[in-house]
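Chemist: Could you have a look at this structure, given as structure tokens, before my questions?
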Amino acid sequence: MDEVNHSVVSEFVFVGLSNSWEIQLLLFLSSSVFYAASLMGNLLIVLTVIFDPRLKSPMYFLLANLSIIDVMFCSSTTPRMIYDIFRKQKTISFGGCIVQIFLVHAIGGTEMVLLIAMAFDRYVAICKPLHYLTIMSPRMCIIFLVTSWIIGLIHSVAQLVFVVDLPFCGPNELDSFFCDLPGFIKVACIDTYTLGFMITANSGFISIAAFFILIISYIFILVTVQKKSSGSISKALSTLSAHVTVVILFFGPLIFFYIWPFPISPLDKFLALFDAVITPFLNPVIYTFRNKDMKVAMRKLCAQLVNYSEIS
């Protein structure tokens, strides 16, 4: 019994996404392109907000921080996944696995809260425009940002506390391309049914709660706008459409991944890949496509960078 109570597994092996060479090549090329595009798109948004004096409103401050979080989120899993695609032994150390779990849940939890903060920002901007700068002051924006990170870190640590000391004494194969809690606890040497339920309650129900808070807030904004002026409803819809799209893309895979009672390995892997690689790429595309000021500012910044490189 003493031997069972101590972990003897020093590393885990990922099953990966596919054993087909053709699919592996497709995944390598597409993931590399999407990851590079995610980095460039999100970093371009951050630089544009920093250097363009016209983009100093709270909305752009929150958007820039969302882009930073997206860069961190996709970088916590995607580079490792791309590196592992053609490897026969896709291994990760026990400590590396714990770190990856911590990062994924800390950054994901932070993004949930930040999306709620962005919804509140849109509520104030649309429903209380005369008080917008007073309510969404620089101090309030910093409070939102710090609160997002604190809640994200608490969410991640609260889960790791229950799993970091689990005994692993044999199976070490994870049916995924990165370390996450559901697969991690499955290979433990004890019955983890109760622990699995706690993880579902922590991640799944929190995801659902945050998703419904966001959707209800958007409905409340539209109802408020319609009561004030029916002609403004189309403008409000145009403003909120980008936010709603990002929320659905972010929360949809998460809710299915943690709440769906019948795990389907290929579908789970696809949703995890979509959330890790494609969603961080789509976020900057959606926000810039729907925002005229951002598009103009990004073109201006790109032109300045091109001119600077030519002079150099």
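Letters for chains follow the order of the structure tokens (A, B, ...), residue numbers begin at 1 for each chain, and ligand numbers begin at 1 in the order shown.
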If we count only C-alpha atoms and set the cut-off at 7 Å, which residues sit around segment 73-75 of chain A, ignoring sequence neighbours fewer than 5 positions away in its own chain? Please answer as a list in words.

Modeler: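 Here the answer would be Val104, Ile107, Ala276, Val277 and Pro280 of chain A.
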
Chemist: So which bits of segment 94-230 of chain A end up alpha helix (DSSP H) when you DSSP the backbone, as a VMD selection string?

Modeler: chain A and resid 94 to 127 132 to 135 138 to 163 181 to 186 193 to 199 205 to 228

Chemist: Kindly indicate which residue among A:Asn202, A:Ser156, A:Asn307, A:Ser10 lies nearest to Cys169 of chain A, using only C-alpha atoms for the distances.

Modeler: A:Ser10

Chemist: Give me the residues near segment 38-52 of chain A as a VMD selection string, where near means some atom within 8 Å (using only C-alpha atoms) and where sequence neighbours in that chain fewer than 4 positions away do not count.

Modeler: chain A and resid 34 56 60 to 61 64 to 65 67 to 68 70 to 71 277 280 to 282 284 to 285 294 297 to 298 301

Chemist: Quick one: of A:Ile215, A:Ala158, A:Leu133, A:Ala188, who's nearest to Ile101 of chain A, counting only C-alpha atoms?

Modeler: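 Smallest distance to Ile101 of chain A is found for A:Ala158.
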
Chemist: Write out as a ChimeraX atom specification the residues lying within 9 Å of segment 139-150 of chain A, counting only C-alpha atoms and excluding same-chain residues fewer than 2 positions away.

Modeler: /A:58,61-62,65,106-107,109-114,117,135-137,152-155

Chemist: Give me the residues within 6 Å of Val13 of chain A as an MDAnalysis selection string, counting only C-alpha atoms and dropping any in the same chain fewer than 5 places off.

Modeler: chainID A and resid 90:91 173:174

Chemist: Let me see the file: selected residues, N, CA, C and O atoms, as a tab-separated table (two decimals), in the first residue's frame.

Modeler:
chain	number	residue	atom	x	y	z
A	90	LYS	N	5.51	11.32	-27.70
A	90	LYS	CA	5.10	12.67	-27.33
A	90	LYS	C	5.03	12.75	-25.81
A	90	LYS	O	3.96	12.60	-25.21
A	91	THR	N	6.16	12.99	-25.18
A	91	THR	CA	6.22	12.93	-23.72
A	91	THR	C	6.30	14.32	-23.11
A	91	THR	O	6.77	15.28	-23.74
A	173	GLU	N	-0.56	7.36	-20.11
A	173	GLU	CA	-0.92	7.79	-21.47
A	173	GLU	C	-2.14	8.70	-21.41
A	173	GLU	O	-3.19	8.32	-20.87
A	174	LEU	N	-2.02	9.92	-21.96
A	174	LEU	CA	-3.10	10.89	-21.99
A	174	LEU	C	-3.66	10.97	-23.40
A	174	LEU	O	-2.91	11.27	-24.35
